[in-house]
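Coordinates as given in model.txt (compact mmCIF, C-alpha atoms and all ligand atoms):
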# COMPACT_ATOMS: atom_id res chain seq x y z
CA MET A 242 -53.54 -41.16 147.99
CA PRO A 243 -56.43 -40.12 150.33
CA SER A 244 -56.37 -36.47 151.39
CA LEU A 245 -55.15 -36.83 155.02
CA GLN A 246 -52.18 -38.91 153.89
CA LYS A 247 -51.47 -36.41 151.10
CA GLU A 248 -51.49 -33.46 153.51
CA ILE A 249 -49.19 -35.32 155.91
CA ASP A 250 -46.85 -36.10 153.07
CA GLN A 251 -46.69 -32.49 151.86
CA LEU A 252 -46.15 -31.07 155.35
CA ARG A 253 -43.54 -33.69 156.21
CA ARG A 254 -41.42 -32.52 153.24
CA GLN A 255 -42.09 -28.84 153.88
CA LYS A 256 -41.12 -29.07 157.56
CA LYS A 257 -38.21 -31.50 157.03
CA ALA A 258 -39.83 -33.98 159.38
CA VAL A 259 -39.21 -37.68 159.85
CA ILE A 260 -42.06 -39.91 161.04
CA LEU A 261 -41.02 -42.88 163.20
CA SER A 262 -43.53 -45.61 164.07
CA HIS A 263 -43.41 -48.52 166.48
CA THR A 264 -44.65 -51.86 165.16
CA TYR A 265 -47.65 -51.71 167.56
CA GLN A 266 -49.08 -48.65 165.82
CA PRO A 267 -52.26 -48.92 163.70
CA PRO A 268 -51.70 -49.96 160.03
CA GLU A 269 -52.46 -46.51 158.56
CA ILE A 270 -49.78 -44.98 160.83
CA GLN A 271 -47.19 -47.62 159.89
CA ASP A 272 -48.03 -46.90 156.24
CA ILE A 273 -47.21 -43.17 156.43
CA ALA A 274 -44.07 -43.64 158.57
CA ASP A 275 -40.57 -43.17 157.15
CA ILE A 276 -39.31 -45.90 159.48
CA VAL A 277 -41.20 -48.66 161.32
CA GLY A 278 -39.27 -50.49 164.02
CA ASP A 279 -38.98 -51.87 167.54
CA SER A 280 -37.89 -49.77 170.52
CA TYR A 281 -34.24 -50.60 169.95
CA GLY A 282 -34.27 -49.96 166.20
CA LEU A 283 -36.08 -46.67 166.68
CA SER A 284 -33.60 -45.54 169.40
CA LEU A 285 -30.77 -46.32 167.02
CA GLN A 286 -32.52 -44.46 164.19
CA ALA A 287 -32.95 -41.51 166.53
CA THR A 288 -29.14 -41.18 166.69
CA LYS A 289 -28.98 -40.83 162.89
CA VAL A 290 -31.81 -38.38 162.27
CA GLU A 291 -30.98 -35.37 160.14
CA ALA A 292 -34.52 -33.97 159.99
CA ASP A 293 -35.50 -30.81 161.91
CA LEU A 294 -38.56 -32.46 163.35
CA ILE A 295 -39.20 -35.99 164.66
CA VAL A 296 -42.83 -37.14 164.85
CA PHE A 297 -42.78 -40.17 167.11
CA CYS A 298 -45.76 -42.48 166.65
CA GLY A 299 -45.49 -44.60 169.76
CA VAL A 300 -45.67 -43.95 173.51
CA SER A 301 -44.05 -41.27 175.65
CA PHE A 302 -40.92 -43.16 176.79
CA MET A 303 -39.99 -43.73 173.13
CA ALA A 304 -40.42 -40.05 172.24
CA GLU A 305 -38.46 -39.09 175.38
CA THR A 306 -35.61 -41.36 174.29
CA ALA A 307 -35.57 -39.65 170.88
CA ALA A 308 -35.60 -36.22 172.59
CA ILE A 309 -32.73 -37.22 174.90
CA LEU A 310 -30.66 -38.35 171.91
CA ASN A 311 -31.60 -35.21 169.93
CA PRO A 312 -31.55 -32.32 172.40
CA ARG A 313 -31.53 -29.74 169.59
CA ARG A 314 -34.38 -31.25 167.56
CA ARG A 315 -38.09 -30.91 168.15
CA VAL A 316 -39.71 -34.25 169.02
CA LEU A 317 -43.49 -34.56 168.81
CA LEU A 318 -45.79 -37.22 170.25
CA PRO A 319 -49.09 -36.88 168.34
CA ASP A 320 -51.14 -37.78 171.44
CA ALA A 321 -49.51 -36.37 174.56
CA SER A 322 -51.43 -38.81 176.76
CA ALA A 323 -49.97 -41.93 175.10
CA GLY A 324 -47.98 -43.35 178.00
CA CYS A 325 -46.77 -46.79 179.01
CA PRO A 326 -48.30 -48.00 182.31
CA MET A 327 -45.27 -50.20 182.96
CA ALA A 328 -42.96 -47.19 182.78
CA GLU A 329 -45.04 -45.53 185.52
CA MET A 330 -44.63 -48.52 187.86
CA ILE A 331 -41.34 -47.26 189.28
CA THR A 332 -40.39 -43.70 190.17
CA ALA A 333 -36.90 -42.22 190.42
CA SER A 334 -37.30 -41.95 194.18
CA GLN A 335 -38.29 -45.63 194.50
CA LEU A 336 -35.24 -46.55 192.44
CA ARG A 337 -32.99 -44.39 194.64
CA ASP A 338 -34.34 -46.22 197.71
CA LEU A 339 -33.65 -49.60 196.07
CA LYS A 340 -30.12 -48.50 195.14
CA SER A 341 -29.46 -47.45 198.72
CA GLN A 342 -30.41 -50.98 199.85
CA HIS A 343 -27.93 -52.50 197.34
CA PRO A 344 -24.85 -50.26 197.29
CA GLY A 345 -22.47 -51.22 194.48
CA ALA A 346 -25.20 -52.80 192.33
CA ALA A 347 -25.41 -51.90 188.64
CA VAL A 348 -28.84 -50.70 187.52
CA VAL A 349 -30.15 -52.09 184.25
CA CYS A 350 -33.23 -50.26 183.17
CA TYR A 351 -35.61 -51.40 180.45
CA VAL A 352 -36.24 -48.52 178.02
CA ASN A 353 -39.91 -48.78 179.00
CA SER A 354 -39.17 -46.34 181.83
CA THR A 355 -39.30 -42.61 182.47
CA ALA A 356 -36.36 -40.32 181.71
CA GLU A 357 -35.97 -39.74 185.47
CA VAL A 358 -35.57 -43.49 186.08
CA LYS A 359 -33.08 -43.78 183.20
CA ALA A 360 -31.14 -40.92 184.79
CA GLU A 361 -30.72 -43.07 187.94
CA SER A 362 -29.54 -46.10 185.94
CA SER A 363 -26.16 -47.43 184.84
CA ILE A 364 -27.33 -48.75 181.48
CA CYS A 365 -30.56 -49.22 179.53
CA CYS A 366 -31.72 -52.29 177.64
CA THR A 367 -34.56 -53.24 175.34
CA SER A 368 -36.12 -56.66 175.03
CA SER A 369 -33.83 -57.36 172.06
CA ASN A 370 -30.55 -56.83 173.92
CA ALA A 371 -31.33 -57.32 177.63
CA VAL A 372 -29.36 -60.59 177.80
CA LYS A 373 -26.31 -59.02 176.14
CA ILE A 374 -26.47 -55.97 178.41
CA VAL A 375 -26.61 -58.08 181.59
CA GLU A 376 -23.76 -60.26 180.30
CA SER A 377 -21.65 -57.11 179.82
CA ILE A 378 -21.67 -56.51 183.59
CA PRO A 379 -18.94 -58.23 185.67
CA PRO A 380 -20.33 -61.51 187.12
CA GLU A 381 -19.50 -60.57 190.71
CA GLN A 382 -21.44 -57.27 190.55
CA PRO A 383 -25.06 -57.41 191.77
CA ILE A 384 -27.65 -56.11 189.27
CA ILE A 385 -30.89 -54.27 189.90
CA PHE A 386 -33.26 -54.77 186.96
CA VAL A 387 -36.25 -52.40 186.51
CA PRO A 388 -39.17 -52.19 185.91
CA ASP A 389 -40.36 -55.41 184.16
CA ARG A 390 -40.45 -58.51 186.35
CA TYR A 391 -41.14 -60.83 183.39
CA LEU A 392 -38.34 -59.54 181.18
CA GLY A 393 -36.18 -59.71 184.32
CA ARG A 394 -37.06 -63.38 184.87
CA PHE A 395 -36.40 -64.11 181.19
CA VAL A 396 -32.92 -62.58 181.48
CA GLU A 397 -32.24 -64.49 184.71
CA ARG A 398 -32.93 -67.76 182.95
CA ARG A 399 -30.90 -66.92 179.85
CA THR A 400 -27.88 -65.65 181.76
CA ASN A 401 -28.02 -67.93 184.79
CA ARG A 402 -27.64 -64.88 187.02
CA GLN A 403 -29.84 -63.77 189.83
CA LEU A 404 -31.10 -60.21 189.49
CA ILE A 405 -32.78 -57.87 191.94
CA VAL A 406 -35.97 -57.47 189.90
CA TRP A 407 -38.60 -54.74 190.34
CA ASP A 408 -42.22 -55.84 190.35
CA GLY A 409 -43.51 -53.97 187.27
CA PHE A 410 -45.26 -55.56 184.32
CA CYS A 411 -47.05 -54.73 181.08
CA PRO A 412 -50.83 -54.83 181.64
CA THR A 413 -51.41 -55.81 178.00
CA HIS A 414 -48.98 -58.75 177.83
CA ALA A 415 -49.95 -59.89 181.34
CA MET A 416 -53.50 -60.48 180.10
CA LEU A 417 -52.30 -63.41 178.04
CA GLU A 418 -52.99 -66.46 180.19
CA ILE A 419 -51.48 -69.90 179.82
CA ASP A 420 -54.88 -71.61 179.37
CA THR A 421 -55.62 -69.39 176.37
CA VAL A 422 -52.21 -70.21 174.92
CA LEU A 423 -52.59 -73.96 175.40
CA GLY A 424 -56.08 -73.84 173.86
CA MET A 425 -54.72 -72.06 170.77
CA LYS A 426 -51.85 -74.54 170.51
CA ARG A 427 -54.37 -77.39 170.49
CA GLN A 428 -56.43 -75.61 167.83
CA TYR A 429 -53.40 -74.94 165.58
CA PRO A 430 -50.98 -77.81 166.28
CA GLU A 431 -48.87 -77.14 163.18
CA ALA A 432 -48.23 -73.47 164.09
CA GLU A 433 -45.11 -72.22 165.89
CA LEU A 434 -45.65 -70.03 168.92
CA MET A 435 -43.76 -66.73 169.27
CA VAL A 436 -44.22 -64.54 172.35
CA HIS A 437 -42.68 -61.36 173.76
CA PRO A 438 -40.58 -61.58 176.97
CA GLU A 439 -43.11 -59.26 178.64
CA CYS A 440 -45.45 -62.29 178.75
CA MET A 441 -45.76 -64.32 181.95
CA PRO A 442 -43.07 -67.00 182.55
CA GLU A 443 -45.46 -69.94 182.00
CA VAL A 444 -46.47 -68.44 178.64
CA GLN A 445 -42.80 -68.00 177.72
CA ASP A 446 -42.15 -71.64 178.68
CA ALA A 447 -44.89 -72.84 176.33
CA ALA A 448 -43.44 -70.89 173.36
CA ASP A 449 -41.13 -71.99 170.55
CA HIS A 450 -39.63 -68.49 170.39
CA VAL A 451 -39.38 -65.72 173.00
CA LEU A 452 -38.50 -62.64 170.96
CA SER A 453 -38.59 -58.86 170.90
CA THR A 454 -40.77 -57.39 168.17
CA GLY A 455 -37.69 -56.67 166.05
CA GLN A 456 -36.53 -60.28 166.39
CA MET A 457 -40.00 -61.49 165.32
CA CYS A 458 -39.65 -59.37 162.17
CA GLU A 459 -36.26 -61.00 161.49
CA LEU A 460 -37.48 -64.57 162.14
CA VAL A 461 -40.26 -64.44 159.52
CA LYS A 462 -37.73 -63.44 156.82
CA THR A 463 -35.97 -66.79 157.00
CA THR A 464 -38.31 -69.34 158.60
CA GLU A 465 -39.73 -72.43 156.88
CA CYS A 466 -42.78 -72.22 159.14
CA ARG A 467 -46.00 -71.13 157.40
CA ARG A 468 -48.17 -70.34 160.42
CA PHE A 469 -47.38 -68.47 163.65
CA LEU A 470 -49.37 -67.91 166.79
CA VAL A 471 -48.39 -64.41 167.90
CA GLY A 472 -48.14 -63.51 171.59
CA THR A 473 -47.58 -59.79 171.55
CA GLU A 474 -49.49 -56.59 170.77
CA GLU A 475 -51.60 -57.24 167.68
CA GLY A 476 -50.25 -54.24 165.69
CA ILE A 477 -47.18 -56.26 164.82
CA ILE A 478 -49.25 -58.65 162.71
CA TYR A 479 -49.65 -55.90 160.11
CA THR A 480 -45.84 -55.37 160.14
CA LEU A 481 -45.18 -59.11 159.83
CA ARG A 482 -47.60 -59.35 156.88
CA GLN A 483 -45.69 -56.58 155.09
CA ILE A 484 -42.41 -58.44 155.62
CA ALA A 485 -43.56 -62.02 154.92
CA PRO A 486 -47.07 -62.06 153.41
CA HIS A 487 -46.89 -65.77 152.56
CA ILE A 488 -47.08 -66.67 156.29
CA ASP A 489 -50.31 -66.95 158.25
CA TYR A 490 -50.29 -65.00 161.57
CA ILE A 491 -52.84 -65.61 164.28
CA SER A 492 -53.11 -63.41 167.36
CA LEU A 493 -53.30 -65.48 170.54
CA SER A 494 -55.95 -63.26 172.08
CA PRO A 495 -58.16 -60.26 171.19
CA GLN A 496 -56.94 -58.75 174.50
CA LEU A 497 -53.46 -58.17 173.07
CA VAL A 498 -54.14 -54.52 172.31
CA CYS A 499 -52.17 -51.70 173.96
CA PRO A 500 -54.69 -48.84 174.32
CA ASN A 501 -51.90 -46.25 174.44
CA MET A 502 -50.33 -47.44 171.20
CA LYS A 503 -53.72 -47.03 169.52
CA LYS A 504 -54.10 -43.36 170.48
CA THR A 505 -52.19 -42.17 167.40
CA THR A 506 -54.43 -41.23 164.47
CA LEU A 507 -53.67 -39.69 161.07
CA ALA A 508 -55.56 -36.55 162.13
CA LYS A 509 -53.31 -36.20 165.21
CA VAL A 510 -50.15 -36.72 163.12
CA LEU A 511 -51.33 -34.00 160.74
CA HIS A 512 -52.15 -31.69 163.65
CA SER A 513 -48.65 -32.26 165.08
CA LEU A 514 -47.05 -31.36 161.77
CA GLN A 515 -49.23 -28.25 161.46
CA THR A 516 -48.67 -26.96 165.00
CA GLY A 517 -45.33 -28.43 166.13
CA GLU A 518 -47.15 -29.78 169.19
CA PRO A 519 -47.41 -31.74 171.47
CA ARG A 520 -43.67 -31.44 172.01
CA VAL A 521 -41.80 -33.86 174.29
CA THR A 522 -38.99 -32.29 176.27
CA VAL A 523 -36.72 -33.60 178.99
CA PRO A 524 -35.02 -31.19 181.45
CA THR A 525 -31.31 -30.90 180.53
CA GLU A 526 -30.03 -32.16 183.88
CA VAL A 527 -32.19 -35.33 183.62
CA ALA A 528 -31.51 -35.77 179.89
CA ASP A 529 -27.73 -35.58 180.34
CA ARG A 530 -27.75 -38.41 182.90
CA ALA A 531 -30.34 -40.50 181.04
CA ARG A 532 -28.33 -40.12 177.79
CA GLN A 533 -25.36 -41.85 179.44
CA ALA A 534 -27.49 -44.93 180.19
CA ILE A 535 -28.91 -44.99 176.66
CA THR A 536 -25.56 -44.52 174.89
CA ALA A 537 -23.98 -47.17 177.15
CA MET A 538 -26.64 -49.58 175.82
CA LEU A 539 -25.99 -48.56 172.20
CA GLU A 540 -22.24 -48.99 172.67
CA VAL A 541 -22.52 -52.50 174.15
CA THR A 542 -25.00 -53.56 171.46
CA GLU A 543 -23.35 -51.98 168.42
CA GLY A 544 -19.74 -52.32 169.60
CA ARG A 545 -18.83 -48.74 168.71
CA SER A 546 -18.76 -45.31 170.35
CA PHE A 547 -21.81 -43.01 170.42
CA LYS A 548 -20.06 -40.03 172.03
P1 LIG B 601 -40.00 -53.92 171.71
O1 LIG B 601 -38.80 -53.59 172.52
O2 LIG B 601 -40.02 -55.34 171.29
O3 LIG B 601 -40.17 -52.95 170.61
O4 LIG B 601 -41.29 -53.78 172.66
C1 LIG B 601 -41.66 -52.57 173.21
C2 LIG B 601 -42.84 -52.70 174.01
O5 LIG B 601 -43.42 -51.75 174.46
C3 LIG B 601 -43.32 -54.03 174.28
O6 LIG B 601 -44.55 -53.96 174.92
FE1 LIG B 602 -46.16 -50.36 177.60
FE2 LIG B 602 -47.20 -52.78 177.36
FE3 LIG B 602 -48.06 -50.86 175.78
FE4 LIG B 602 -45.59 -51.90 175.48
S1 LIG B 602 -47.56 -52.92 175.17
S2 LIG B 602 -46.14 -49.73 175.46
S3 LIG B 602 -45.06 -52.28 177.63
S4 LIG B 602 -48.28 -50.96 178.03

Before anything else, please render the file you have as structure tokens.
Ligand code: 13P
Ligand code: SF4
Amino acid sequence: MPSLQKEIDQLRRQKKAVILSHTYQPPEIQDIADIVGDSYGLSLQATKVEADLIVFCGVSFMAETAAILNPRRRVLLPDASAGCPMAEMITASQLRDLKSQHPGAAVVCYVNSTAEVKAESSICCTSSNAVKIVESIPPEQPIIFVPDRYLGRFVERRTNRQLIVWDGFCPTHAMLEIDTVLGMKRQYPEAELMVHPECMPEVQDAADHVLSTGQMCELVKTTECRRFLVGTEEGIIYTLRQIAPHIDYISLSPQLVCPNMKKTTLAKVLHSLQTGEPRVTVPTEVADRARQAITAMLEVTEGRSFK
């Protein structure tokens, strides 16, 4: 094992740390992680952690979620500047204004949001359970959905319900244009096309599968298909190859790179383990309210209590 990895491994044991990695992280980070998963899977894992220290290799909203679920544990984000631009597209005060225009509406908030926005929400969702979460809300109750307009449109179509959708989007997934997709489909006619619901609606319409990253990982375990065109952040191709190496995966575009997800390096993970920094904290008053929205999501999805 090369020396950086060895040092990380020794310190992880010494400090009783667990390293969580999103599937968009660079391969060397996924390799040293104890658990690699999608936003939902990692939130669920965060409820089960017994380690003293959580090193979250991902972006800030994911580390915040882990900190909210583990108020007594230290949660580290190896690069403090790794944010999610979509999460910054709505503030708590903008959401409060929207709520005042729609009294009585439930607020469904994509986990790609700040802790302050979660604290203003009724329930969270991820891309893997957004349909189920919306379906859990009484049909007569209006629903505000923030911040992703494309995931919101996807849920509208799947549930046949009209939502009050905020105008946010993921700058990485929004770069994938329909002409690029159609060109790739022509080049690889035998391949199946899987895309993330953060892609634009016309891209979703052209796809065989619209899936969260976790659902993509499940699909390749059982499919007969031997070649996929992949319409999400390219880091997942490494994950998919670990799960089903006999399948050929082709990224739809070299633009499908989330710069924030690529900020994590082995040197930064080691530095975090050595120093216990950068720590992610959420003020108690915000965390207590945000936790209710996150546990409501876990309860609807898992069908059991998280109190
Ligand atoms: P998942 O919910 O599929 O993990 O996606 C998170 C994300 O940031 C997508 O851009
Ligand atoms: Fe945010 Fe998009 Fe990066 Fe996901 S891929 S973390 S939504 S900017």

At most 12 Å is the cut-off: for each residue in stretch 287-331 of chain A with any atom that close to an atom of stretch 380-401 of chain A, write down the nearest atom pair and the distance in Å rounded to one decimal, counting all atoms listed in the file, chain first then increasing number, as a Markdown table.
| residue | atom | partner | partner_atom | distance |
| --- | --- | --- | --- | --- |
| A:Cys325 | CA | A:Pro388 | CA | 11.6 |
| A:Pro326 | CA | A:Pro388 | CA | 10.7 |
| A:Met327 | CA | A:Pro388 | CA | 7.1 |
| A:Ala328 | CA | A:Pro388 | CA | 7.0 |
| A:Glu329 | CA | A:Pro388 | CA | 8.9 |
| A:Met330 | CA | A:Pro388 | CA | 6.9 |
| A:Ile331 | CA | A:Pro388 | CA | 6.4 |

Counting all atoms listed in the file, give me one row per residue of chain A with an atom at most 9 Å from an atom of ligand LIG 602 (chain B), showing the shortest contact pair and its distance in Å to one decimal, sorted by chain then residue number, as a tab-separated table.
residue	atom	partner	partner_atom	distance
A:Tyr265	CA	B:LIG602	S1	7.7
A:Gly299	CA	B:LIG602	S2	7.7
A:Val300	CA	B:LIG602	S2	6.1
A:Ser301	CA	B:LIG602	S2	8.7
A:Phe302	CA	B:LIG602	S2	8.5
A:Met303	CA	B:LIG602	S2	8.9
A:Ala323	CA	B:LIG602	S2	8.7
A:Gly324	CA	B:LIG602	S2	7.1
A:Cys325	CA	B:LIG602	FE1	3.9
A:Pro326	CA	B:LIG602	S4	5.2
A:Met327	CA	B:LIG602	FE1	5.4
A:Ala328	CA	B:LIG602	FE1	6.9
A:Asn353	CA	B:LIG602	S3	6.4
A:Asp389	CA	B:LIG602	S3	8.6
A:Phe410	CA	B:LIG602	S3	7.5
A:Cys411	CA	B:LIG602	FE2	4.2
A:Pro412	CA	B:LIG602	S4	5.9
A:Thr413	CA	B:LIG602	FE2	5.2
A:His414	CA	B:LIG602	FE2	6.2
A:Ala415	CA	B:LIG602	FE2	8.6
A:Glu439	CA	B:LIG602	S3	7.3
A:Thr473	CA	B:LIG602	S1	7.8
A:Glu474	CA	B:LIG602	S1	6.0
A:Leu497	CA	B:LIG602	S1	8.2
A:Val498	CA	B:LIG602	S1	7.4
A:Cys499	CA	B:LIG602	FE3	4.6
A:Pro500	CA	B:LIG602	FE3	7.1
A:Asn501	CA	B:LIG602	FE3	6.1
A:Met502	CA	B:LIG602	FE3	6.2

Close residues to ligand LIG 601 (chain B) using all atoms listed in the file, limit 6 Å, as a PyMOL selection string: chain A and resi 279-280+367-368+453-455

Selected residues written out with C-alpha atoms, as a PDB file, in the frame of the given file:
ATOM      1  CA  ASP A 279     -38.980 -51.870 167.540  1.00  0.00           C
ATOM      2  CA  SER A 280     -37.890 -49.770 170.520  1.00  0.00           C
ATOM      3  CA  THR A 367     -34.560 -53.240 175.340  1.00  0.00           C
ATOM      4  CA  SER A 368     -36.120 -56.660 175.030  1.00  0.00           C
ATOM      5  CA  SER A 453     -38.590 -58.860 170.900  1.00  0.00           C
ATOM      6  CA  THR A 454     -40.770 -57.390 168.170  1.00  0.00           C
ATOM      7  CA  GLY A 455     -37.690 -56.670 166.050  1.00  0.00           C
TER       8      GLY A 455
END

Among listed residues A:Val296, A:Leu423, A:Val290, A:Cys365, nearest A:Leu252 (using all atoms listed in the file):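 The answer is A:Val296, which sits nearest to A:Leu252.
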
Selected residue of minimal separation from A:Met416 among A:Thr306, A:Ala287, A:Ile484, A:Pro495, counting all atoms listed in the file: A:Pro495

Contact residues around A:Glu361 with all atoms listed in the file at 10 Å, ignoring same-chain residues under 4 positions, as a list in words: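 Near A:Glu361, the qualifying residues are Thr332, Ala333, Ser334, Leu336, Arg337, Lys340, Val348, Val349, Cys350, Ala356, Glu357, Val527, Arg530, Ala531 and Ala534 of chain A.
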
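Comparing the minimum interatomic distances between A:Ala432 and each of A:Leu310, A:Ile488, A:Leu417, A:Ile378, counting all atoms listed in the file, we find that A:Ile488 sits nearest.
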
Residue nearest A:Leu481 - candidates A:Val422, A:Leu294, A:Met457, A:Ala347, atoms counted: all atoms listed in the file: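 The answer is A:Met457, which sits nearest to A:Leu481.
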
Å distance separating atom CA of A:His450 from atom CA of A:Asp489, one decimal place: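 Answer for the atom CA of A:His450 to atom CA of A:Asp489 separation: 16.2 Å.
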
Pairwise distance for atom CA of A:Leu339 and atom CA of A:Val541, rounded to one decimal in Å: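 Separation between atom CA of A:Leu339 and atom CA of A:Val541: 24.8 Å.
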
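Taking atom CA of A:Lys426 and atom CA of A:Leu493 as the two end points, the separation is 9.2 Å.
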
Shell of 10 Å around A:Gln515, all atoms listed in the file, local chain residues under 5 positions omitted, as a PyMOL selection string: chain A and resi 248-249+252-253+256+509-510

Spatial neighbours of A:Lys247, 12 Å, all atoms listed in the file, chain gap at least 4 places, as a ChimeraX atom specification: /A:242-243,251-254,273,507-508,511

Please, could you write that set of residues out with C-alpha atoms as a compact mmCIF listing (two decimals), in the frame of the given file?
# COMPACT_ATOMS: atom_id res chain seq x y z
CA MET A 242 -53.54 -41.16 147.99
CA PRO A 243 -56.43 -40.12 150.33
CA GLN A 251 -46.69 -32.49 151.86
CA LEU A 252 -46.15 -31.07 155.35
CA ARG A 253 -43.54 -33.69 156.21
CA ARG A 254 -41.42 -32.52 153.24
CA ILE A 273 -47.21 -43.17 156.43
CA LEU A 507 -53.67 -39.69 161.07
CA ALA A 508 -55.56 -36.55 162.13
CA LEU A 511 -51.33 -34.00 160.74

Selection as a count of residues only: residues within 12 Å of (-23.8, -51.5, 172.2), counting all atoms listed in the file: 29

Residue nearest A:Ser494 among A:Cys466, A:Met435, A:Val352, A:Met425 (counting all atoms listed in the file): A:Met425

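Among the candidate residues A:Val259, A:Met441, A:Val277, A:Ile491, the one lying nearest to A:Gly409 is A:Met441, with distances computed using all atoms listed in the file.
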